[in-house]
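S.K.: Just one file: input.csv, with CSV, C-alpha atoms.
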```
chain,number,residue,atom,x,y,z
A,1,MET,CA,6.9,-80.4,3.3
A,2,THR,CA,10.0,-82.1,2.2
A,3,ILE,CA,10.7,-85.8,1.8
A,4,ASN,CA,13.5,-88.1,0.6
A,5,LEU,CA,13.0,-91.1,-1.7
A,6,PHE,CA,15.6,-93.8,-1.0
A,7,ASP,CA,17.1,-96.4,-3.3
A,8,ASP,CA,17.2,-100.0,-2.1
A,9,ASN,CA,18.1,-103.2,-3.9
A,10,ALA,CA,15.6,-102.4,-6.6
A,11,TRP,CA,18.2,-100.0,-8.0
A,12,LEU,CA,20.4,-103.0,-8.8
A,13,SER,CA,17.6,-105.1,-10.4
A,14,LEU,CA,16.4,-102.2,-12.5
A,15,ARG,CA,19.7,-101.7,-14.3
A,16,PRO,CA,20.4,-100.6,-17.0
A,17,LEU,CA,17.5,-98.2,-16.6
A,18,SER,CA,18.6,-97.1,-13.2
A,19,PHE,CA,22.3,-96.5,-14.1
A,20,THR,CA,21.6,-92.9,-14.9
A,21,ARG,CA,19.0,-92.1,-12.2
A,22,PRO,CA,17.5,-93.0,-8.8
A,23,VAL,CA,14.7,-95.5,-9.0
A,24,ALA,CA,12.1,-92.8,-8.0
A,25,ASP,CA,13.0,-90.9,-11.2
A,26,LEU,CA,11.5,-93.8,-13.3
A,27,ARG,CA,8.4,-92.9,-15.2
A,28,VAL,CA,5.4,-95.3,-15.0
A,29,GLY,CA,1.9,-94.1,-15.8
A,30,ILE,CA,2.0,-90.3,-16.6
A,31,LEU,CA,4.3,-89.2,-13.8
A,32,THR,CA,7.6,-90.4,-12.4
A,33,ILE,CA,7.4,-92.1,-9.1
A,34,ALA,CA,8.9,-89.0,-7.4
A,35,GLN,CA,6.3,-86.8,-9.1
A,36,LYS,CA,3.5,-89.0,-7.8
A,37,TRP,CA,4.6,-88.7,-4.2
A,38,GLU,CA,5.2,-84.9,-4.6
A,39,LYS,CA,1.7,-84.5,-6.0
A,40,HIS,CA,-0.1,-86.7,-3.4
A,41,LEU,CA,1.8,-85.2,-0.4
A,42,GLY,CA,2.1,-81.6,-1.6
A,43,ALA,CA,5.9,-82.1,-1.0
A,44,THR,CA,9.2,-81.4,-2.5
A,45,ALA,CA,11.2,-84.7,-3.0
A,46,GLY,CA,14.9,-85.3,-2.7
A,47,PHE,CA,16.8,-88.6,-3.2
A,48,PHE,CA,19.0,-90.9,-1.1
A,49,THR,CA,20.9,-92.5,-4.0
A,50,LEU,CA,24.4,-93.5,-5.1
A,51,PRO,CA,27.1,-90.9,-4.7
A,52,TYR,CA,27.7,-90.5,-8.4
A,53,LEU,CA,24.0,-89.6,-9.0
A,54,ALA,CA,23.6,-87.4,-5.9
A,55,LEU,CA,24.9,-84.2,-7.5
A,56,LYS,CA,22.1,-84.3,-10.1
A,57,TYR,CA,19.6,-85.8,-7.7
A,58,PRO,CA,20.4,-84.3,-4.2
A,59,ALA,CA,18.7,-85.1,-0.9
A,60,GLN,CA,16.4,-82.7,0.8
A,61,THR,CA,17.9,-81.4,4.0
A,62,GLY,CA,15.6,-81.2,7.1
A,63,ALA,CA,13.3,-84.0,6.0
A,64,ASP,CA,12.4,-86.6,8.6
A,65,LEU,CA,10.2,-88.7,6.2
A,66,ALA,CA,11.9,-91.1,3.8
A,67,ILE,CA,10.0,-93.3,1.3
A,68,ASN,CA,11.1,-96.3,-0.8
A,69,GLY,CA,11.6,-94.9,-4.3
A,70,SER,CA,10.5,-98.2,-5.9
A,71,VAL,CA,7.0,-98.1,-4.4
A,72,CYS,CA,4.1,-96.3,-6.1
A,73,PRO,CA,1.6,-94.4,-3.9
A,74,ASP,CA,-2.0,-95.4,-3.4
A,75,ILE,CA,-4.7,-94.5,-0.9
A,76,GLY,CA,-3.8,-97.2,1.6
A,77,LEU,CA,-0.1,-96.3,1.6
A,78,LEU,CA,-0.8,-92.6,2.0
A,79,GLU,CA,-3.0,-93.3,5.0
A,80,ALA,CA,-0.4,-95.6,6.6
A,81,ILE,CA,2.5,-93.1,6.0
A,82,ASP,CA,0.4,-90.2,7.4
A,83,LYS,CA,0.0,-92.1,10.7
A,84,LEU,CA,3.7,-92.9,10.9
A,85,ARG,CA,5.4,-91.3,13.9
A,86,VAL,CA,9.1,-90.3,14.3
A,87,GLY,CA,11.0,-93.4,15.3
A,88,GLU,CA,8.8,-95.8,13.3
A,89,VAL,CA,9.4,-97.7,10.1
A,90,LEU,CA,6.6,-99.0,7.8
A,91,LYS,CA,7.4,-102.5,6.5
A,92,LYS,CA,5.8,-105.2,4.5
A,93,GLN,CA,7.5,-108.4,5.5
A,94,ASP,CA,11.3,-107.5,5.0
A,95,LEU,CA,10.6,-104.6,2.6
A,96,VAL,CA,11.1,-101.1,4.1
A,97,ILE,CA,8.4,-98.9,2.7
A,98,ALA,CA,8.9,-95.7,4.6
A,99,TYR,CA,10.4,-94.4,7.9
A,100,ARG,CA,10.5,-91.3,10.0
A,101,GLY,CA,13.8,-90.7,11.8
A,102,ALA,CA,16.5,-88.2,12.4
A,103,THR,CA,17.3,-85.8,9.5
A,104,GLY,CA,19.5,-87.6,7.0
A,105,MET,CA,18.9,-91.1,8.4
A,106,GLN,CA,19.8,-93.7,5.7
A,107,LEU,CA,18.1,-97.0,5.1
A,108,ASP,CA,20.9,-99.0,6.8
A,109,GLN,CA,20.3,-97.0,10.0
A,110,THR,CA,16.6,-98.0,10.4
A,111,ARG,CA,17.1,-101.4,12.1
A,112,ASP,CA,16.5,-99.8,15.6
A,113,LEU,CA,13.3,-98.1,14.6
A,114,THR,CA,9.9,-99.5,15.8
A,115,PRO,CA,8.4,-101.5,13.0
A,116,VAL,CA,4.8,-100.9,11.8
A,117,LEU,CA,3.5,-103.7,9.6
A,118,TYR,CA,1.7,-103.0,6.3
A,119,GLU,CA,-0.6,-105.8,5.2
A,120,GLU,CA,-2.2,-104.4,2.0
A,121,GLU,CA,-1.0,-105.0,-1.5
A,122,LEU,CA,1.2,-102.4,-3.1
A,123,THR,CA,2.8,-101.6,-6.5
A,124,ARG,CA,6.5,-101.9,-6.6
A,125,ILE,CA,8.8,-101.4,-9.6
A,126,TYR,CA,11.5,-104.0,-9.1
A,127,TYR,CA,12.4,-105.3,-12.6
A,128,PRO,CA,12.5,-103.3,-15.9
A,129,GLU,CA,9.4,-105.2,-17.2
A,130,ASP,CA,7.4,-104.0,-14.2
A,131,ILE,CA,7.2,-100.6,-15.9
A,132,PHE,CA,5.2,-101.7,-18.9
A,133,LYS,CA,3.3,-104.4,-16.8
A,134,ASN,CA,2.1,-101.7,-14.4
A,135,ASN,CA,1.7,-98.8,-16.8
A,136,ASP,CA,-2.0,-99.3,-17.3
A,137,GLY,CA,-2.9,-99.2,-13.6
A,138,GLU,CA,-0.5,-96.3,-12.8
A,139,LEU,CA,-1.7,-94.3,-15.8
A,140,LYS,CA,-5.3,-94.5,-14.7
A,141,LYS,CA,-4.4,-93.5,-11.1
A,142,ASP,CA,-2.3,-90.6,-12.4
A,143,PHE,CA,-5.1,-89.5,-14.8
A,144,THR,CA,-7.4,-89.2,-11.8
A,145,LEU,CA,-4.8,-87.4,-9.7
A,146,LEU,CA,-4.0,-84.8,-12.4
A,147,THR,CA,-7.5,-84.2,-13.7
A,148,LYS,CA,-9.9,-84.4,-10.7
A,149,GLY,CA,-12.0,-81.2,-10.4
A,150,ARG,CA,-10.5,-79.7,-13.6
A,151,THR,CA,-12.0,-79.0,-17.0
A,152,SER,CA,-10.4,-80.3,-20.2
A,153,GLN,CA,-9.6,-78.1,-23.1
A,154,ALA,CA,-11.9,-78.9,-26.1
A,155,LEU,CA,-10.7,-81.0,-29.0
A,156,SER,CA,-11.4,-80.0,-32.5
A,157,GLN,CA,-14.6,-81.3,-34.0
A,158,THR,CA,-12.5,-82.9,-36.9
A,159,ASN,CA,-11.7,-85.7,-34.4
A,160,THR,CA,-13.8,-88.8,-33.6
A,161,LEU,CA,-14.2,-89.4,-29.9
A,162,LEU,CA,-15.3,-92.7,-28.3
A,163,GLY,CA,-15.9,-92.4,-24.6
A,164,GLU,CA,-15.5,-89.4,-22.3
A,165,ASP,CA,-12.3,-90.1,-20.4
A,166,ILE,CA,-10.2,-87.7,-22.5
A,167,PHE,CA,-8.4,-84.7,-21.0
A,168,VAL,CA,-6.4,-82.1,-22.9
A,169,GLU,CA,-4.1,-79.6,-21.2
A,170,GLU,CA,-3.7,-76.0,-22.3
A,171,GLY,CA,-1.9,-75.9,-25.7
A,172,GLY,CA,-2.7,-79.6,-26.5
A,173,GLY,CA,-4.6,-80.5,-29.5
A,174,ALA,CA,-5.4,-82.9,-32.4
A,175,GLU,CA,-7.0,-82.9,-35.9
A,176,CYS,CA,-8.7,-85.6,-37.9
A,177,SER,CA,-7.8,-88.4,-35.5
A,178,THR,CA,-9.6,-91.1,-33.5
A,179,PHE,CA,-9.6,-91.3,-29.7
A,180,ASN,CA,-11.1,-94.4,-28.0
A,181,SER,CA,-11.2,-94.0,-24.2
A,182,LEU,CA,-13.7,-96.8,-23.6
A,183,ASN,CA,-11.0,-99.1,-22.2
A,184,GLY,CA,-8.9,-96.5,-20.5
A,185,PRO,CA,-8.4,-92.7,-20.2
A,186,ILE,CA,-6.5,-90.6,-22.7
A,187,TYR,CA,-4.3,-87.7,-21.5
A,188,ILE,CA,-2.9,-85.0,-23.9
A,189,GLY,CA,-0.3,-82.9,-22.1
A,190,GLU,CA,0.4,-79.2,-22.3
A,191,ASN,CA,1.6,-78.0,-25.8
A,192,SER,CA,1.4,-81.6,-27.2
A,193,GLN,CA,-0.1,-82.4,-30.6
A,194,VAL,CA,-1.6,-85.4,-32.3
A,195,TRP,CA,-1.3,-85.0,-36.1
A,196,GLU,CA,-3.8,-86.0,-38.7
A,197,GLY,CA,-4.9,-89.6,-39.3
A,198,THR,CA,-3.8,-91.0,-36.0
A,199,HIS,CA,-5.7,-93.7,-34.1
A,200,ILE,CA,-5.3,-93.9,-30.3
A,201,ARG,CA,-6.8,-96.3,-27.8
A,202,GLY,CA,-6.7,-95.7,-24.1
A,203,SER,CA,-5.1,-96.0,-21.7
A,204,PHE,CA,-2.7,-93.5,-23.2
A,205,ALA,CA,-0.7,-90.5,-22.1
A,206,LEU,CA,1.1,-88.0,-24.3
A,207,CYS,CA,3.2,-85.8,-21.9
A,208,HIS,CA,4.0,-82.1,-22.4
A,209,ASP,CA,5.7,-80.8,-25.5
A,210,SER,CA,5.5,-84.0,-27.5
A,211,GLN,CA,4.0,-85.0,-30.8
A,212,VAL,CA,2.3,-88.1,-32.4
A,213,LYS,CA,3.0,-88.0,-36.2
A,214,MET,CA,0.5,-88.6,-39.0
A,215,GLY,CA,-1.0,-92.0,-39.3
A,216,ALA,CA,0.3,-93.4,-36.1
A,217,LYS,CA,-1.5,-96.4,-34.5
A,218,ILE,CA,-1.2,-96.5,-30.7
A,219,TYR,CA,-2.7,-99.1,-28.5
A,220,GLY,CA,-3.5,-99.0,-24.8
A,221,GLN,CA,-1.2,-99.0,-21.8
A,222,THR,CA,1.2,-96.6,-23.5
A,223,THR,CA,3.0,-93.5,-22.3
A,224,ILE,CA,5.0,-91.0,-24.4
A,225,GLY,CA,7.1,-88.8,-22.1
A,226,PRO,CA,7.8,-85.1,-22.6
A,227,PHE,CA,9.7,-83.6,-25.5
A,228,SER,CA,9.3,-86.8,-27.6
A,229,ARG,CA,8.0,-87.5,-31.1
A,230,VAL,CA,6.6,-90.9,-32.2
A,231,GLY,CA,5.0,-92.5,-35.2
A,232,GLY,CA,4.3,-96.0,-36.5
A,233,GLU,CA,2.7,-98.7,-34.3
A,234,ILE,CA,3.1,-98.7,-30.5
A,235,ASN,CA,1.5,-101.0,-28.0
A,236,ASN,CA,2.0,-101.1,-24.2
A,237,ALA,CA,5.2,-99.2,-24.3
A,238,VAL,CA,6.7,-96.4,-22.0
A,239,ILE,CA,9.0,-93.8,-23.5
A,240,TRP,CA,10.4,-91.6,-20.8
A,241,GLY,CA,11.1,-88.4,-22.6
A,242,TYR,CA,13.5,-86.5,-25.0
A,243,SER,CA,13.3,-89.5,-27.3
A,244,GLY,CA,12.3,-90.1,-30.9
A,245,LYS,CA,10.5,-93.0,-32.6
A,246,GLY,CA,9.4,-90.9,-35.5
A,247,HIS,CA,8.9,-93.4,-38.2
A,248,GLU,CA,7.1,-96.6,-39.2
A,249,GLY,CA,7.9,-99.8,-37.3
A,250,TYR,CA,6.5,-101.7,-34.3
A,251,LEU,CA,7.3,-101.1,-30.6
A,252,GLY,CA,5.5,-103.3,-28.1
A,253,ASN,CA,5.7,-104.3,-24.4
A,254,SER,CA,8.8,-102.2,-24.1
A,255,VAL,CA,10.5,-99.4,-22.2
A,256,LEU,CA,12.7,-96.7,-23.8
A,257,GLY,CA,14.8,-94.3,-21.7
A,258,GLN,CA,15.6,-90.7,-22.3
A,259,TRP,CA,17.7,-89.3,-25.2
A,260,CYS,CA,17.0,-92.3,-27.4
A,261,ASN,CA,16.4,-92.3,-31.1
A,262,ILE,CA,14.9,-95.2,-33.1
A,263,GLY,CA,15.7,-95.4,-36.8
A,264,ALA,CA,13.0,-95.7,-39.5
A,265,ASP,CA,11.4,-99.1,-39.9
A,266,THR,CA,12.9,-100.5,-36.7
A,267,ASN,CA,10.9,-103.3,-35.1
A,268,ASN,CA,11.0,-105.3,-32.0
A,269,SER,CA,9.5,-108.7,-31.4
A,270,ASN,CA,7.4,-109.1,-28.2
A,271,LEU,CA,6.5,-112.8,-28.6
A,272,LYS,CA,8.7,-115.8,-29.3
A,273,ASN,CA,7.9,-118.1,-32.2
A,274,ASN,CA,7.3,-121.0,-29.9
A,275,TYR,CA,5.3,-118.9,-27.5
A,276,ALA,CA,7.7,-119.7,-24.7
A,277,GLU,CA,8.4,-117.6,-21.6
A,278,VAL,CA,10.6,-114.6,-22.3
A,279,LYS,CA,14.0,-114.2,-20.5
A,280,LEU,CA,15.8,-110.9,-19.9
A,281,TRP,CA,19.4,-110.1,-19.2
A,282,ASP,CA,19.8,-109.4,-15.4
A,283,TYR,CA,22.8,-107.4,-14.3
A,284,THR,CA,22.7,-108.8,-10.8
A,285,GLU,CA,22.6,-112.4,-11.8
A,286,GLU,CA,24.9,-111.8,-14.8
A,287,SER,CA,22.7,-114.2,-16.8
A,288,PHE,CA,19.3,-114.3,-18.4
A,289,ARG,CA,16.4,-114.3,-15.9
A,290,LYS,CA,12.9,-115.8,-16.4
A,291,THR,CA,10.3,-113.0,-16.5
A,292,GLY,CA,7.1,-115.2,-16.3
A,293,LEU,CA,5.9,-113.2,-19.4
A,294,GLN,CA,4.8,-114.5,-22.8
A,295,PHE,CA,4.9,-110.9,-24.1
A,296,CYS,CA,8.1,-108.9,-23.5
A,297,GLY,CA,9.8,-106.7,-26.0
A,298,LEU,CA,12.7,-104.2,-25.7
A,299,ILE,CA,14.3,-102.6,-22.7
A,300,MET,CA,16.4,-99.7,-23.8
A,301,ALA,CA,18.4,-97.5,-21.4
A,302,ASP,CA,19.2,-93.8,-21.9
A,303,HIS,CA,21.2,-92.3,-24.8
A,304,VAL,CA,20.7,-95.4,-27.1
A,305,LYS,CA,20.6,-94.9,-30.9
A,306,CYS,CA,19.8,-97.5,-33.5
A,307,GLY,CA,19.9,-97.3,-37.3
A,308,ILE,CA,17.2,-97.8,-39.9
A,309,ASN,CA,15.6,-101.3,-40.2
A,310,THR,CA,17.1,-102.5,-36.9
A,311,MET,CA,15.5,-105.7,-35.7
A,312,PHE,CA,15.3,-106.5,-32.0
A,313,ASN,CA,14.6,-110.0,-30.8
A,314,THR,CA,12.0,-110.8,-28.1
A,315,GLY,CA,13.4,-109.8,-24.7
A,316,THR,CA,16.3,-107.6,-25.8
A,317,VAL,CA,18.1,-105.4,-23.2
A,318,VAL,CA,20.2,-102.5,-24.6
A,319,GLY,CA,22.5,-100.8,-22.2
A,320,VAL,CA,23.3,-97.1,-21.7
A,321,SER,CA,24.7,-95.2,-24.7
A,322,ALA,CA,24.8,-98.2,-27.1
A,323,ASN,CA,24.8,-97.5,-30.8
A,324,VAL,CA,23.2,-100.3,-32.8
A,325,PHE,CA,23.1,-100.6,-36.6
A,326,GLY,CA,23.4,-103.1,-39.5
A,327,SER,CA,21.4,-106.0,-40.9
A,328,GLY,CA,20.3,-109.1,-38.9
A,329,PHE,CA,19.2,-109.5,-35.3
A,330,PRO,CA,21.7,-108.3,-32.7
A,331,ARG,CA,22.1,-110.3,-29.6
A,332,ASN,CA,19.5,-110.2,-26.8
A,333,PHE,CA,21.9,-108.3,-24.5
A,334,ILE,CA,23.7,-105.3,-25.9
A,335,PRO,CA,26.2,-103.9,-23.4
A,336,ASP,CA,26.4,-100.3,-22.3
A,337,PHE,CA,28.6,-98.2,-24.7
A,338,ALA,CA,28.6,-101.0,-27.3
A,339,TRP,CA,29.0,-99.9,-31.0
A,340,GLY,CA,27.8,-102.3,-33.7
A,341,GLY,CA,25.2,-104.9,-34.4
A,342,ALA,CA,24.6,-108.5,-35.5
A,343,HIS,CA,28.1,-108.6,-37.0
A,344,GLY,CA,29.7,-107.9,-33.6
A,345,PHE,CA,30.4,-105.0,-31.2
A,346,GLU,CA,33.3,-102.8,-30.2
A,347,THR,CA,33.4,-100.1,-27.5
A,348,TYR,CA,31.7,-96.8,-28.2
A,349,GLN,CA,34.4,-94.6,-26.7
A,350,LEU,CA,33.4,-91.7,-24.4
A,351,ASP,CA,34.9,-88.9,-26.5
A,352,LYS,CA,32.9,-90.0,-29.6
A,353,MET,CA,29.7,-90.5,-27.5
A,354,PHE,CA,30.1,-87.1,-26.0
A,355,GLU,CA,30.5,-85.5,-29.4
A,356,THR,CA,27.1,-86.9,-30.5
A,357,THR,CA,25.4,-86.1,-27.2
A,358,GLU,CA,26.5,-82.5,-27.3
A,359,LYS,CA,24.6,-82.2,-30.6
A,360,VAL,CA,21.6,-84.0,-29.3
A,361,PHE,CA,21.3,-81.8,-26.2
A,362,GLU,CA,21.9,-78.7,-28.3
A,363,ARG,CA,18.8,-79.5,-30.4
A,364,ARG,CA,16.7,-79.5,-27.2
A,365,LYS,CA,18.4,-76.3,-26.0
A,366,THR,CA,19.7,-78.3,-23.0
A,367,ALA,CA,23.2,-78.1,-21.5
A,368,PHE,CA,25.3,-81.3,-21.7
A,369,ASN,CA,27.3,-80.3,-18.6
A,370,GLU,CA,29.9,-81.8,-16.4
A,371,VAL,CA,27.3,-83.4,-14.1
A,372,GLU,CA,25.8,-85.3,-17.1
A,373,LYS,CA,29.3,-86.2,-18.3
A,374,ASN,CA,30.4,-87.5,-15.0
A,375,ILE,CA,27.4,-89.8,-14.6
A,376,LEU,CA,28.1,-91.3,-18.0
A,377,LYS,CA,31.8,-91.7,-17.2
A,378,GLU,CA,30.8,-93.6,-14.0
A,379,VAL,CA,28.5,-95.9,-16.0
A,380,PHE,CA,31.2,-96.5,-18.6
A,381,GLU,CA,33.6,-97.6,-15.8
A,382,ARG,CA,31.0,-99.7,-14.0
A,383,THR,CA,30.1,-101.6,-17.2
A,384,GLN,CA,33.6,-102.2,-18.7
A,385,ALA,CA,33.5,-105.9,-17.9
A,386,TYR,CA,30.4,-106.5,-20.0
A,387,ARG,CA,32.1,-105.2,-23.1
A,388,THR,CA,35.0,-107.6,-22.7
A,389,SER,CA,33.2,-110.6,-21.3
A,390,ASP,CA,32.1,-113.7,-23.2
A,391,ASN,CA,28.7,-113.0,-21.6
A,392,ASN,CA,27.9,-110.5,-24.3
```
Would you encode the structure as structure tokens?
M.R.:
Amino acid sequence: MTINLFDDNAWLSLRPLSFTRPVADLRVGILTIAQKWEKHLGATAGFFTLPYLALKYPAQTGADLAINGSVCPDIGLLEAIDKLRVGEVLKKQDLVIAYRGATGMQLDQTRDLTPVLYEEELTRIYYPEDIFKNNDGELKKDFTLLTKGRTSQALSQTNTLLGEDIFVEEGGGAECSTFNSLNGPIYIGENSQVWEGTHIRGSFALCHDSQVKMGAKIYGQTTIGPFSRVGGEINNAVIWGYSGKGHEGYLGNSVLGQWCNIGADTNNSNLKNNYAEVKLWDYTEESFRKTGLQFCGLIMADHVKCGINTMFNTGTVVGVSANVFGSGFPRNFIPDFAWGGAHGFETYQLDKMFETTEKVFERRKTAFNEVEKNILKEVFERTQAYRTSDNN
């Protein structure tokens, strides 16, 4: 079975996280949204996305089923989509959830399809903060999906276990650490390791080929993506993969993209001193948007690096490929390809950024090829105004 996952206006509101990927490639819970649909449907997913992303994220040919990439699957949605016939579109009010049509049919061609109304609640990732807000619920669903009917690998008896909702994949392990799954499950991915003296509370996921360093303190509703290494104190954060937060410092109510590196003793605030509602920079409104949240930390896009002792204010958005360093608090919106800190920013030129990224990819035995470079070139052009505008 093949399906396509389409981008709608959520791609715009999820920037800068979506600048480098379709919405369905966002990780929330243990899996990306695309992986969730693939697992539930036994399908191979393609993407209807922007042209500059399509070479890396191609569509599936011959698929008549298309699903909104910002919507996470659940039992009710799976049943409704299973009943959907060719020529019908599943909708919740004005939101197109899924449709069956001619091969290659795009979202803007669905107006003549027969609407089928969906009345149940659903989980949709529309703003960046929706990722950490929904991570607990999605992590629990993914845990059930991935572990049902399977047997966990045993953890060493040097560990202290509270609760029974702990699953360890082959090659995963830990020594001399505490795991508390009384409030949510704990998932240790293939070839991932938790080092000595770590304390972890569920819900928590450590995806494959990642490590938690000695003495880390990790609270619930947290996901560490594949090929990552973390330490220090983490609470309700999602790190997508290929990223490092290897040292002391606090990260809370936050999202970190891929290929990021957080310097030692870097901290983010997730609560304002006056306990006021947190605002986040919104690329669509080109202003700060109210989130309705009292706790909201750091939104960091792909390829961001920050130096030691960086201090991020409550509700900071950092764009793609920014490089942040220096003393003091940098502003709450750091544009894509910005270089600097509280003292001010200049443009992080593409040739310099590419030099660093070549080395980063090489360490992971991954090719920094023309496809990756062209995506970053496009993002650089699309965000030029933010680096020259008084808004930043």
S.K.: If I take CA of Cys260 in chain A and CA of Val371 in chain A, how far is one from the other in Å, to one decimal?
M.R.: 19.0 Å
S.K.: Determine, counting all atoms listed in the file, every residue of protein, DNA or RNA that lies within 8 Å of (2.1, -81.5, -25.0) in the file coordinates, then give the result as a VMD selection string.
M.R.: chain A and resid 169 171 to 172 188 to 193 206 to 211 226 to 227
S.K.: Check the smallest atom-to-atom distance from each of A:Thr2, A:Asp336, A:Thr123, A:Gln106 to Tyr283 in chain A using all atoms listed in the file, then report the winner.
M.R.: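 Smallest distance to Tyr283 in chain A is found for A:Asp336.
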S.K.: Excluding range 239-253 of chain A and residues on its chain fewer than 2 positions from it, collect all residues at most 6 Å away from it, counting only C-alpha atoms, and give them as a list of chain:residue names.
M.R.: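 So, after excluding close chain neighbours, the residues are A:Ile224, A:Gly225, A:Pro226, A:Phe227, A:Ser228, A:Arg229, A:Val230, A:Gly231, A:Gly232, A:Glu233, A:Ile234, A:Asn235, A:Asn236, A:Ala237, A:Val255, A:Leu256, A:Gly257, A:Gln258, A:Trp259, A:Cys260, A:Asn261, A:Ile262, A:Ala264, A:Asp265, A:Thr266, A:Asn267, A:Asn268, A:Cys296, A:Gly297.
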S.K.: For those residues, write C-alpha atoms to a file as an mmCIF file, in the coordinates of the input.
M.R.:
```cif
data_model
loop_
_atom_site.group_PDB
_atom_site.id
_atom_site.type_symbol
_atom_site.label_atom_id
_atom_site.label_comp_id
_atom_site.auth_asym_id
_atom_site.auth_seq_id
_atom_site.Cartn_x
_atom_site.Cartn_y
_atom_site.Cartn_z
ATOM 1 C CA ILE A 224 5.000 -91.000 -24.400
ATOM 2 C CA GLY A 225 7.100 -88.800 -22.100
ATOM 3 C CA PRO A 226 7.800 -85.100 -22.600
ATOM 4 C CA PHE A 227 9.700 -83.600 -25.500
ATOM 5 C CA SER A 228 9.300 -86.800 -27.600
ATOM 6 C CA ARG A 229 8.000 -87.500 -31.100
ATOM 7 C CA VAL A 230 6.600 -90.900 -32.200
ATOM 8 C CA GLY A 231 5.000 -92.500 -35.200
ATOM 9 C CA GLY A 232 4.300 -96.000 -36.500
ATOM 10 C CA GLU A 233 2.700 -98.700 -34.300
ATOM 11 C CA ILE A 234 3.100 -98.700 -30.500
ATOM 12 C CA ASN A 235 1.500 -101.000 -28.000
ATOM 13 C CA ASN A 236 2.000 -101.100 -24.200
ATOM 14 C CA ALA A 237 5.200 -99.200 -24.300
ATOM 15 C CA VAL A 255 10.500 -99.400 -22.200
ATOM 16 C CA LEU A 256 12.700 -96.700 -23.800
ATOM 17 C CA GLY A 257 14.800 -94.300 -21.700
ATOM 18 C CA GLN A 258 15.600 -90.700 -22.300
ATOM 19 C CA TRP A 259 17.700 -89.300 -25.200
ATOM 20 C CA CYS A 260 17.000 -92.300 -27.400
ATOM 21 C CA ASN A 261 16.400 -92.300 -31.100
ATOM 22 C CA ILE A 262 14.900 -95.200 -33.100
ATOM 23 C CA ALA A 264 13.000 -95.700 -39.500
ATOM 24 C CA ASP A 265 11.400 -99.100 -39.900
ATOM 25 C CA THR A 266 12.900 -100.500 -36.700
ATOM 26 C CA ASN A 267 10.900 -103.300 -35.100
ATOM 27 C CA ASN A 268 11.000 -105.300 -32.000
ATOM 28 C CA CYS A 296 8.100 -108.900 -23.500
ATOM 29 C CA GLY A 297 9.800 -106.700 -26.000
#
```
S.K.: Please check which residues have atoms at most 12 Å from (2.6, -84.8, -6.4) in the file's coordinates, counting all atoms listed in the file, and write them as a list in words.
M.R.: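 Every residue inside that radius is included here: Met1, Thr2, Ile3, Ile30, Leu31, Thr32, Ile33, Ala34, Gln35, Lys36, Trp37, Glu38, Lys39, His40, Leu41, Gly42, Ala43, Thr44, Ala45, Cys72, Pro73, Asp74, Leu78, Asp142, Leu145 and Leu146 of chain A.
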S.K.: Could you give me, as a list in words, the residues within 6 Å of range 175-187 of chain A, counting all atoms listed in the file and dropping anything in the same chain fewer than 3 positions from it?
M.R.: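 Near range 175-187 of chain A, the qualifying residues are Thr158, Asn159, Thr160, Leu161, Leu162, Gly163, Asp165, Ile166, Phe167, Glu196, Gly197, Thr198, His199, Ile200, Arg201, Gly202, Ser203, Phe204 and Ala205 of chain A.
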S.K.: What is the CA of Ala385 in chain A to CA of Leu12 in chain A distance in Å?
M.R.: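 Spanning CA of Ala385 in chain A to CA of Leu12 in chain A is a straight-line distance of 16.2 Å.
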S.K.: So which one's closest to Gly292 in chain A, A:Glu346, A:Glu362, A:Glu170, A:Asp130? Using all atoms listed in the file, please.
M.R.: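 With all atoms listed in the file as the atom set, the closest residue is A:Asp130.
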